[in-house]
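final-v3.txt follows; it contains compact mmCIF, C-alpha atoms.
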```
# COMPACT_ATOMS: atom_id res chain seq x y z
CA MET T 1 95.89 72.98 138.42
CA VAL T 2 95.23 71.42 135.06
CA LYS T 3 94.30 74.03 132.44
CA ARG T 4 91.39 73.26 130.17
CA ILE T 5 91.63 73.87 126.43
CA GLY T 6 88.62 74.20 124.12
CA ILE T 7 89.10 73.67 120.39
CA LEU T 8 86.90 75.20 117.68
CA LEU T 9 87.10 73.72 114.21
CA SER T 10 85.20 73.44 110.96
CA GLY T 11 87.12 70.75 109.09
CA ARG T 12 89.76 68.10 109.38
CA GLY T 13 91.31 69.53 112.55
CA SER T 14 94.96 68.75 111.85
CA ASN T 15 96.04 71.46 114.27
CA PHE T 16 93.67 70.02 116.87
CA GLU T 17 95.44 66.68 116.53
CA ALA T 18 98.83 68.35 116.83
CA LEU T 19 97.73 70.05 120.07
CA ALA T 20 96.26 66.80 121.39
CA ASP T 21 99.57 65.05 120.67
CA ALA T 22 101.50 67.84 122.40
CA VAL T 23 99.26 67.54 125.48
CA ALA T 24 99.67 63.76 125.46
CA ASP T 25 103.46 63.78 125.23
CA GLY T 26 104.04 66.58 127.74
CA ARG T 27 105.07 69.42 125.41
CA ILE T 28 101.98 71.21 126.78
CA PRO T 29 102.16 70.17 130.45
CA ASN T 30 99.40 70.49 133.05
CA ALA T 31 96.70 70.80 130.43
CA GLU T 32 93.91 68.80 128.88
CA ILE T 33 91.63 69.25 125.93
CA ALA T 34 88.21 69.60 127.53
CA VAL T 35 86.05 69.85 124.43
CA VAL T 36 86.10 70.11 120.65
CA ILE T 37 83.32 72.13 119.04
CA SER T 38 82.54 72.17 115.33
CA ASN T 39 80.17 74.55 113.61
CA ARG T 40 79.67 72.01 110.83
CA GLU T 41 78.09 68.57 110.85
CA GLY T 42 80.45 65.95 109.57
CA ALA T 43 83.70 67.81 110.20
CA PRO T 44 86.34 65.03 110.31
CA GLY T 45 87.85 66.68 113.41
CA ILE T 46 84.78 65.62 115.39
CA GLU T 47 85.35 61.93 114.76
CA LYS T 48 89.06 62.31 115.50
CA ALA T 49 88.22 63.85 118.88
CA ARG T 50 85.83 61.05 119.80
CA ALA T 51 88.41 58.46 118.76
CA ARG T 52 90.75 60.05 121.32
CA GLY T 53 88.05 60.00 124.00
CA ILE T 54 87.61 63.78 123.93
CA GLU T 55 84.11 65.23 124.14
CA ALA T 56 83.05 66.63 120.77
CA LEU T 57 80.01 68.79 120.07
CA VAL T 58 78.46 70.03 116.87
CA ILE T 59 76.87 73.44 117.33
CA PRO T 60 75.62 74.33 113.86
CA SER T 61 76.18 77.94 112.85
CA LYS T 62 74.12 77.95 109.69
CA GLY T 63 71.41 80.63 109.63
CA LYS T 64 72.35 82.04 113.04
CA GLU T 65 73.32 85.63 113.81
CA ARG T 66 77.00 85.86 114.71
CA GLU T 67 76.51 86.88 118.33
CA THR T 68 73.61 84.48 118.90
CA TYR T 69 75.85 81.67 117.75
CA ASP T 70 78.81 82.88 119.77
CA ARG T 71 76.69 83.00 122.94
CA GLU T 72 75.87 79.32 122.49
CA VAL T 73 79.52 78.45 122.02
CA VAL T 74 80.71 80.56 124.95
CA ALA T 75 78.06 78.95 127.17
CA ALA T 76 79.30 75.48 126.16
CA LEU T 77 82.92 76.51 126.87
CA ARG T 78 82.00 78.04 130.24
CA GLU T 79 80.07 74.92 131.31
CA ARG T 80 83.23 72.92 130.74
CA GLY T 81 85.48 75.38 132.54
CA VAL T 82 87.57 76.15 129.46
CA ASP T 83 90.54 78.45 130.17
CA LEU T 84 91.95 78.81 126.66
CA VAL T 85 90.20 78.63 123.27
CA CYS T 86 92.25 77.41 120.29
CA LEU T 87 90.92 77.87 116.78
CA ALA T 88 91.97 75.05 114.49
CA GLY T 89 90.55 75.76 111.07
CA PHE T 90 87.45 77.46 112.44
CA MET T 91 86.00 79.25 109.43
CA ARG T 92 84.19 82.09 111.19
CA LEU T 93 85.01 85.52 112.54
CA LEU T 94 84.31 85.87 116.26
CA SER T 95 81.96 88.56 117.55
CA PRO T 96 83.17 91.31 119.92
CA TYR T 97 81.08 89.50 122.58
CA PHE T 98 83.13 86.30 122.24
CA VAL T 99 86.44 88.18 122.07
CA ASN T 100 85.62 90.11 125.25
CA GLU T 101 84.54 86.98 127.12
CA TYR T 102 87.90 85.29 126.40
CA ARG T 103 90.16 88.31 125.85
CA THR T 104 93.79 87.21 125.30
CA ARG T 105 92.61 83.63 125.83
CA ILE T 106 91.73 82.85 122.21
CA LEU T 107 94.49 81.75 119.81
CA ASN T 108 94.53 81.10 116.09
CA ILE T 109 97.08 79.73 113.66
CA HIS T 110 97.31 81.05 110.12
CA PRO T 111 99.40 79.57 107.27
CA SER T 112 101.29 82.74 106.25
CA LEU T 113 103.64 85.29 107.72
CA LEU T 114 100.96 87.75 108.74
CA PRO T 115 100.21 90.54 107.90
CA ALA T 116 100.91 89.08 104.44
CA PHE T 117 98.14 86.90 102.95
CA PRO T 118 95.29 86.92 105.47
CA GLY T 119 92.12 85.04 104.65
CA LEU T 120 91.50 81.92 102.62
CA GLU T 121 94.07 79.94 100.64
CA ALA T 122 97.02 81.79 102.12
CA GLN T 123 99.52 79.33 100.64
CA ARG T 124 98.11 79.79 97.14
CA GLN T 125 98.12 83.57 97.64
CA ALA T 126 101.80 83.43 98.63
CA LEU T 127 102.75 81.31 95.61
CA GLU T 128 100.86 83.51 93.20
CA TYR T 129 102.35 86.67 94.65
CA GLY T 130 105.78 85.18 94.11
CA VAL T 131 107.28 85.54 97.60
CA LYS T 132 110.48 83.62 98.32
CA TYR T 133 109.56 82.96 101.97
CA SER T 134 106.26 82.27 103.61
CA GLY T 135 105.40 80.54 106.88
CA CYS T 136 102.84 80.56 109.64
CA THR T 137 101.68 82.71 112.53
CA VAL T 138 100.10 82.03 115.95
CA HIS T 139 98.26 85.09 117.17
CA PHE T 140 95.75 86.24 119.74
CA VAL T 141 92.31 86.55 118.19
CA ASP T 142 90.34 89.75 118.04
CA GLU T 143 87.19 90.56 116.07
CA HIS T 144 89.17 91.23 112.86
CA LEU T 145 90.35 88.63 110.36
CA ASP T 146 93.82 87.21 111.14
CA ALA T 147 94.72 90.41 112.96
CA GLY T 148 95.58 90.09 116.68
CA PRO T 149 99.01 90.35 118.36
CA ILE T 150 101.52 87.73 117.18
CA ILE T 151 102.96 85.18 119.62
CA ARG T 152 105.08 82.99 117.33
CA GLN T 153 105.95 82.79 113.64
CA ALA T 154 107.95 80.31 111.60
CA VAL T 155 109.52 80.85 108.18
CA VAL T 156 109.29 78.37 105.29
CA GLU T 157 111.21 78.81 102.04
CA VAL T 158 109.13 78.75 98.87
CA ARG T 159 110.63 76.45 96.23
CA ASP T 160 110.44 76.93 92.48
CA ASP T 161 108.63 73.62 92.07
CA ASP T 162 106.12 74.20 94.87
CA THR T 163 102.42 73.81 94.31
CA PRO T 164 99.92 75.16 96.85
CA GLU T 165 99.74 71.60 98.19
CA THR T 166 103.50 70.99 98.66
CA LEU T 167 103.99 74.43 100.21
CA ALA T 168 100.99 73.89 102.50
CA ALA T 169 102.42 70.56 103.65
CA ARG T 170 105.79 72.08 104.65
CA ILE T 171 104.07 75.00 106.38
CA LEU T 172 101.75 72.60 108.24
CA ARG T 173 104.69 70.88 109.94
CA GLU T 174 105.78 74.27 111.30
CA GLU T 175 102.21 75.11 112.30
CA HIS T 176 102.04 72.01 114.48
CA ARG T 177 105.32 72.90 116.18
CA ILE T 178 104.70 76.59 116.89
CA TYR T 179 101.05 76.18 117.89
CA ALA T 180 102.04 73.83 120.71
CA GLU T 181 104.83 76.21 121.78
CA ALA T 182 102.47 79.18 121.80
CA VAL T 183 99.75 77.34 123.76
CA ARG T 184 102.27 76.40 126.43
CA ILE T 185 103.55 80.00 126.69
CA VAL T 186 100.04 81.41 127.04
CA LEU T 187 98.84 78.77 129.53
CA GLU T 188 101.89 79.42 131.68
CA GLY T 189 101.38 83.19 131.45
CA ARG T 190 104.93 83.66 130.20
CA TYR T 191 104.31 86.73 128.04
CA ARG T 192 103.42 90.38 128.15
CA ILE T 193 101.78 92.52 125.48
CA GLU T 194 102.92 96.08 124.71
CA GLY T 195 100.95 97.72 121.93
CA ARG T 196 100.80 94.95 119.36
CA ARG T 197 104.10 93.36 120.41
CA VAL T 198 104.13 90.14 122.42
CA PHE T 199 107.25 89.59 124.53
CA ILE T 200 107.94 86.09 125.83
CA THR T 201 109.26 86.05 129.39
CA GLN T 202 111.38 83.28 130.99
CA GLU T 203 111.78 81.39 127.72
CA GLY T 204 111.22 77.68 128.50
CA MET B 1 130.16 93.45 76.62
CA VAL B 2 130.21 95.49 79.79
CA LYS B 3 126.70 96.23 81.05
CA ARG B 4 125.98 99.75 82.22
CA ILE B 5 124.08 100.36 85.46
CA GLY B 6 122.33 103.63 86.30
CA ILE B 7 121.53 104.40 89.93
CA LEU B 8 118.70 106.66 91.11
CA LEU B 9 118.80 107.91 94.67
CA SER B 10 117.46 110.63 96.95
CA GLY B 11 119.63 110.28 100.05
CA ARG B 12 122.68 108.61 101.50
CA GLY B 13 122.87 105.89 98.86
CA SER B 14 124.04 103.02 101.05
CA ASN B 15 122.70 100.50 98.54
CA PHE B 16 124.48 102.40 95.76
CA GLU B 17 127.74 101.95 97.65
CA ALA B 18 127.03 98.25 98.16
CA LEU B 19 126.45 97.81 94.42
CA ALA B 20 129.60 99.82 93.59
CA ASP B 21 131.59 97.55 95.94
CA ALA B 22 130.09 94.46 94.33
CA VAL B 23 131.03 95.71 90.86
CA ALA B 24 134.54 96.57 92.08
CA ASP B 25 135.22 93.19 93.68
CA GLY B 26 133.73 91.07 90.89
CA ARG B 27 130.50 89.88 92.55
CA ILE B 28 128.75 91.74 89.71
CA PRO B 29 131.07 90.88 86.79
CA ASN B 30 131.15 92.56 83.38
CA ALA B 31 129.36 95.63 84.61
CA GLU B 32 130.05 99.23 85.53
CA ILE B 33 128.08 101.98 87.19
CA ALA B 34 127.65 104.52 84.42
CA VAL B 35 125.86 107.26 86.29
CA VAL B 36 124.23 108.17 89.60
CA ILE B 37 121.25 110.51 89.43
CA SER B 38 119.69 112.23 92.44
CA ASN B 39 116.42 114.12 92.44
CA ARG B 40 117.60 116.12 95.43
CA GLU B 41 120.41 118.65 95.76
CA GLY B 42 122.78 117.70 98.51
CA ALA B 43 122.01 113.98 98.62
CA PRO B 44 125.10 112.43 100.28
CA GLY B 45 125.05 109.69 97.61
CA ILE B 46 126.12 112.27 95.00
CA GLU B 47 129.35 113.09 96.82
CA LYS B 48 130.03 109.41 97.41
CA ALA B 49 129.70 108.73 93.68
CA ARG B 50 132.09 111.54 92.77
CA ALA B 51 134.59 110.32 95.35
CA ARG B 52 134.57 106.99 93.50
CA GLY B 53 135.05 108.70 90.13
CA ILE B 54 131.49 107.90 88.99
CA GLU B 55 129.53 110.57 87.12
CA ALA B 56 126.80 112.03 89.33
CA LEU B 57 123.97 114.28 88.23
CA VAL B 58 121.36 116.18 90.16
CA ILE B 59 118.11 116.42 88.20
CA PRO B 60 115.77 118.23 90.61
CA SER B 61 112.23 116.86 90.73
CA LYS B 62 110.65 119.63 92.76
CA GLY B 63 107.63 121.23 91.08
CA LYS B 64 107.78 118.99 87.99
CA GLU B 65 105.00 116.74 86.69
CA ARG B 66 105.88 113.09 87.18
CA GLU B 67 106.21 112.20 83.50
CA THR B 68 108.00 115.43 82.59
CA TYR B 69 110.57 114.60 85.21
CA ASP B 70 110.84 110.98 84.18
CA ARG B 71 111.46 111.99 80.54
CA GLU B 72 114.46 114.03 81.67
CA VAL B 73 115.82 111.12 83.67
CA VAL B 74 115.25 108.55 80.92
CA ALA B 75 116.97 110.87 78.41
CA ALA B 76 120.00 111.12 80.72
CA LEU B 77 120.07 107.32 81.14
CA ARG B 78 119.72 106.73 77.38
CA GLU B 79 122.54 109.17 76.59
CA ARG B 80 124.81 107.10 78.81
CA GLY B 81 123.71 103.78 77.36
CA VAL B 82 122.30 102.49 80.65
CA ASP B 83 121.08 98.86 80.47
CA LEU B 84 119.75 98.45 84.01
CA VAL B 85 118.31 101.02 86.42
CA CYS B 86 118.74 100.39 90.16
CA LEU B 87 116.75 102.43 92.65
CA ALA B 88 118.71 102.99 95.86
CA GLY B 89 116.51 105.02 98.18
CA PHE B 90 114.84 106.92 95.34
CA MET B 91 111.82 108.49 97.00
CA ARG B 92 109.51 108.74 93.99
CA LEU B 93 107.06 106.53 92.13
CA LEU B 94 107.96 106.02 88.48
CA SER B 95 105.51 106.94 85.72
CA PRO B 96 104.14 104.32 83.31
CA TYR B 97 106.32 106.04 80.68
CA PHE B 98 109.53 105.30 82.61
CA VAL B 99 108.44 101.75 83.46
CA ASN B 100 107.69 100.99 79.80
CA GLU B 101 111.00 102.44 78.61
CA TYR B 102 112.95 100.13 80.94
CA ARG B 103 110.48 97.28 81.43
CA THR B 104 112.02 94.48 83.57
CA ARG B 105 115.20 96.54 83.66
CA ILE B 106 114.40 98.59 86.77
CA LEU B 107 115.09 97.10 90.21
CA ASN B 108 114.32 98.30 93.70
CA ILE B 109 115.18 97.11 97.17
CA HIS B 110 112.74 97.47 100.04
CA PRO B 111 113.46 96.82 103.74
CA SER B 112 110.61 94.39 104.46
CA LEU B 113 109.31 91.03 103.32
CA LEU B 114 106.90 92.39 100.75
CA PRO B 115 103.91 92.44 100.44
CA ALA B 116 104.10 93.23 104.17
CA PHE B 117 104.96 96.83 105.09
CA PRO B 118 105.29 98.70 101.80
CA GLY B 119 106.05 102.41 101.88
CA LEU B 120 108.01 104.53 104.31
CA GLU B 121 109.60 103.37 107.56
CA ALA B 122 109.06 99.71 106.82
CA GLN B 123 111.27 98.63 109.73
CA ARG B 124 109.26 100.74 112.20
CA GLN B 125 106.02 99.40 110.71
CA ALA B 126 107.28 95.83 111.23
CA LEU B 127 108.28 96.46 114.84
CA GLU B 128 105.00 98.15 115.69
CA TYR B 129 102.97 95.38 114.05
CA GLY B 130 104.85 92.90 116.22
CA VAL B 131 106.10 90.46 113.57
CA LYS B 132 108.76 87.98 114.65
CA TYR B 133 110.52 88.00 111.26
CA SER B 134 111.07 90.76 108.77
CA GLY B 135 113.67 91.18 106.04
CA CYS B 136 114.13 92.74 102.63
CA THR B 137 113.02 92.31 99.04
CA VAL B 138 114.57 93.00 95.62
CA HIS B 139 111.85 93.36 93.00
CA PHE B 140 111.23 94.57 89.49
CA VAL B 141 109.69 98.02 89.52
CA ASP B 142 106.32 98.83 88.05
CA GLU B 143 104.23 101.97 88.42
CA HIS B 144 102.84 100.87 91.79
CA LEU B 145 104.52 101.30 95.17
CA ASP B 146 106.81 98.39 96.14
CA ALA B 147 104.77 96.05 93.98
CA GLY B 148 106.59 94.34 91.08
CA PRO B 149 107.68 90.68 90.78
CA ILE B 150 110.13 89.55 93.47
CA ILE B 151 113.64 88.38 92.55
CA ARG B 152 115.23 87.80 95.96
CA GLN B 153 114.22 88.09 99.60
CA ALA B 154 116.13 87.64 102.85
CA VAL B 155 114.71 86.98 106.31
CA VAL B 156 115.85 88.78 109.47
CA GLU B 157 114.65 87.81 112.94
CA VAL B 158 113.10 90.61 115.02
CA ARG B 159 114.53 90.70 118.55
CA ASP B 160 112.67 91.76 121.67
CA ASP B 161 115.16 94.58 122.29
CA ASP B 162 115.14 95.89 118.71
CA THR B 163 114.52 99.53 117.96
CA PRO B 164 113.72 100.65 114.41
CA GLU B 165 117.41 101.57 114.13
CA THR B 166 118.90 98.23 115.27
CA LEU B 167 116.45 96.26 113.13
CA ALA B 168 117.17 98.51 110.13
CA ALA B 169 120.92 97.96 110.56
CA ARG B 170 120.61 94.15 110.49
CA ILE B 171 118.23 94.29 107.51
CA LEU B 172 120.62 96.65 105.68
CA ARG B 173 123.40 94.05 105.73
CA GLU B 174 121.05 91.61 104.00
CA GLU B 175 119.93 94.31 101.54
CA HIS B 176 123.51 94.84 100.42
CA ARG B 177 124.01 91.11 99.87
CA ILE B 178 120.79 90.29 97.97
CA TYR B 179 120.77 93.46 95.88
CA ALA B 180 124.15 92.53 94.37
CA GLU B 181 122.96 88.94 93.79
CA ALA B 182 119.78 90.13 92.09
CA VAL B 183 121.60 92.64 89.86
CA ARG B 184 123.95 89.91 88.68
CA ILE B 185 121.06 87.53 87.92
CA VAL B 186 119.19 90.18 85.93
CA LEU B 187 122.25 91.42 84.01
CA GLU B 188 123.07 87.85 83.04
CA GLY B 189 119.46 87.18 82.01
CA ARG B 190 119.32 84.15 84.31
CA TYR B 191 115.61 84.33 85.12
CA ARG B 192 112.17 83.97 83.69
CA ILE B 193 108.90 85.51 84.86
CA GLU B 194 105.61 83.55 84.98
CA GLY B 195 102.70 85.59 86.27
CA ARG B 196 104.24 87.33 89.28
CA ARG B 197 106.74 84.54 89.99
CA VAL B 198 110.40 84.97 89.11
CA PHE B 199 112.34 81.74 88.55
CA ILE B 200 116.13 81.87 88.61
CA THR B 201 117.76 79.68 85.96
CA GLN B 202 121.29 78.21 86.09
CA GLU B 203 121.89 79.38 89.65
CA GLY B 204 125.44 80.82 89.78
```
Full structure transcribed into structure tokens:
Amino acid sequence: MVKRIGILLSGRGSNFEALADAVADGRIPNAEIAVVISNREGAPGIEKARARGIEALVIPSKGKERETYDREVVAALRERGVDLVCLAGFMRLLSPYFVNEYRTRILNIHPSLLPAFPGLEAQRQALEYGVKYSGCTVHFVDEHLDAGPIIRQAVVEVRDDDTPETLAARILREEHRIYAEAVRIVLEGRYRIEGRRVFITQEG
Amino acid sequence: MVKRIGILLSGRGSNFEALADAVADGRIPNAEIAVVISNREGAPGIEKARARGIEALVIPSKGKERETYDREVVAALRERGVDLVCLAGFMRLLSPYFVNEYRTRILNIHPSLLPAFPGLEAQRQALEYGVKYSGCTVHFVDEHLDAGPIIRQAVVEVRDDDTPETLAARILREEHRIYAEAVRIVLEGRYRIEGRRVFITQEG
């Protein structure tokens, strides 16, 4: 049966596009992107979804209590039979309600080697800290910021002449690769979680 | 002129031995290890130093105020004309006094990709967190725990079947390599610091 992916975003949605490409070219088989939801009017990701013929909704979050908002979003995802929720630059914490409704079926990608540099501007944080390696992390989402069990990471060397922009660009290429890999693993159920550790089974 | 290295340790001193080997085989040229100081009686590193014909002192730290202790150690280092202090499993924070006396001339190695997993049992912390990559870090020492500007890092993949011991063993091999590289860079003055970033100049 075809698995249905829901995407939540707030901005340009570059990781949404990477997942849509991976679905289209078979790197994420037996799946489709059922809906893209933005919490912001005018997020460029919305137009990109419509251009691909994917349903896109704006459900504005402004002024709403976290759980009130999350109930609206979960209802929209349920109506569309979404199996897996992928955050793609969604600039909100999820409520315990949302996390429980889709437990171990919500993924996020973050542009650092977590637990280093959670939160905003992770690439700038890494540069300013002076690390020699950074990267990106796909993890299950819980109610804490950038905190759930890690499915995949990729390492990117920091260069002396990097700016936040050049480092972010090299990390982004790795984000697109590992996010698609992680989505496939989770949709196919090829993992088990022990404590915080995620073990991949029957590596594809 | 031959540069004089002082080593501080509390235990087995495996990184001391790696530095002594690197001095002996020319990977750290124009340098000698002038003295090894342990804050603990019976640290195996002390016997290893003596077996190599290197002066080794025990200056017990137990029951002493931090700065009182550090003044004894700095006096011993000064008497021996030490240019660079290398911590090799030295289980104490340094006082601001010590850090100021040897500013940017104290190095430490830590078995994680800092700023992730500072403190004790970094390899176990990494495994339990569930990261897919860990590694090690050589950094300048300040008065905070595992916190100064980073000179070198190395990445080590975490395997599904790793225990803290197997992961620590693979990281240790990288520690030995990058610690010698970093000591050479610092002794030769081939770096500059901007903010927290360390840039290596004229890569050897």
Proximity check chain T to chain B, 7 Å, nearest pairs one decimal Å, all atoms listed in the file, as a Markdown table:
```
| residue | atom | partner | partner_atom | distance |
| --- | --- | --- | --- | --- |
| T:Pro115 | CA | B:Ala116 | CA | 6.0 |
| T:Ala116 | CA | B:Ala116 | CA | 5.2 |
| T:Glu128 | CA | B:Arg196 | CA | 6.4 |
| T:Tyr129 | CA | B:Arg196 | CA | 5.7 |
| T:Gly130 | CA | B:Arg197 | CA | 4.3 |
| T:Val131 | CA | B:Ile150 | CA | 6.4 |
| T:Lys132 | CA | B:Gln153 | CA | 6.0 |
| T:Pro149 | CA | B:Gly130 | CA | 6.7 |
| T:Ile150 | CA | B:Gly130 | CA | 6.2 |
| T:Arg152 | CA | B:Lys132 | CA | 6.8 |
| T:Gln153 | CA | B:Lys132 | CA | 6.0 |
| T:Asp160 | CA | B:Phe199 | CA | 6.5 |
| T:Arg196 | CA | B:Gly130 | CA | 5.5 |
| T:Arg197 | CA | B:Gly130 | CA | 4.3 |
| T:Val198 | CA | B:Gly130 | CA | 6.8 |
| T:Phe199 | CA | B:Asp160 | CA | 6.5 |
```
For this session: Between T:Ser10, T:Thr166, T:Gln123, T:Asn108, single out the one closest to Val138 (chain T), counting all atoms listed in the file.
Result: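 Among the listed residues, the smallest separation from Val138 (chain T) belongs to T:Asn108.
A straight line drawn from CA of Ile54 (chain T) to CA of Arg184 (chain T) is 19.5 Å long.
Between CA of Pro29 (chain B) and CA of Val99 (chain B) the separation is 25.3 Å.
If you measure from each of B:Pro44, B:Met91, B:Ile5, B:Val156 to Ile28 (chain B) using only C-alpha atoms, the closest one turns out to be B:Ile5.
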Exercise. Which one is closest to Phe90 (chain B): B:Leu57, B:Ile178, B:Ala43, B:Ile185? Count all atoms listed in the file.
Worked result: B:Ala43
Problem set entry | Å distance separating CA of Gly11 (chain B) from CA of Ile59 (chain B), one decimal place |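 Here the two named atoms are 13.4 Å from each other.
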For this session: Taking (131.0, 100.4, 74.0) in the file's own coordinates, collect the residues within 12 Å, counting only C-alpha atoms, and hand them back as a VMD selection string.
Result: chain B and resid 1 to 4 31 to 32 34 80 to 83
Exercise. Between B:Asn39, B:Asp146, B:Phe98, B:Gly135, which is the closest to Gly119 (chain B) once you count only C-alpha atoms?
Worked result: B:Asp146
Problem set entry | Option closest in space to Gln125 (chain B), from B:Leu107, B:Ala168, B:Leu84, B:Leu145 [counting only C-alpha atoms] | B:Ala168
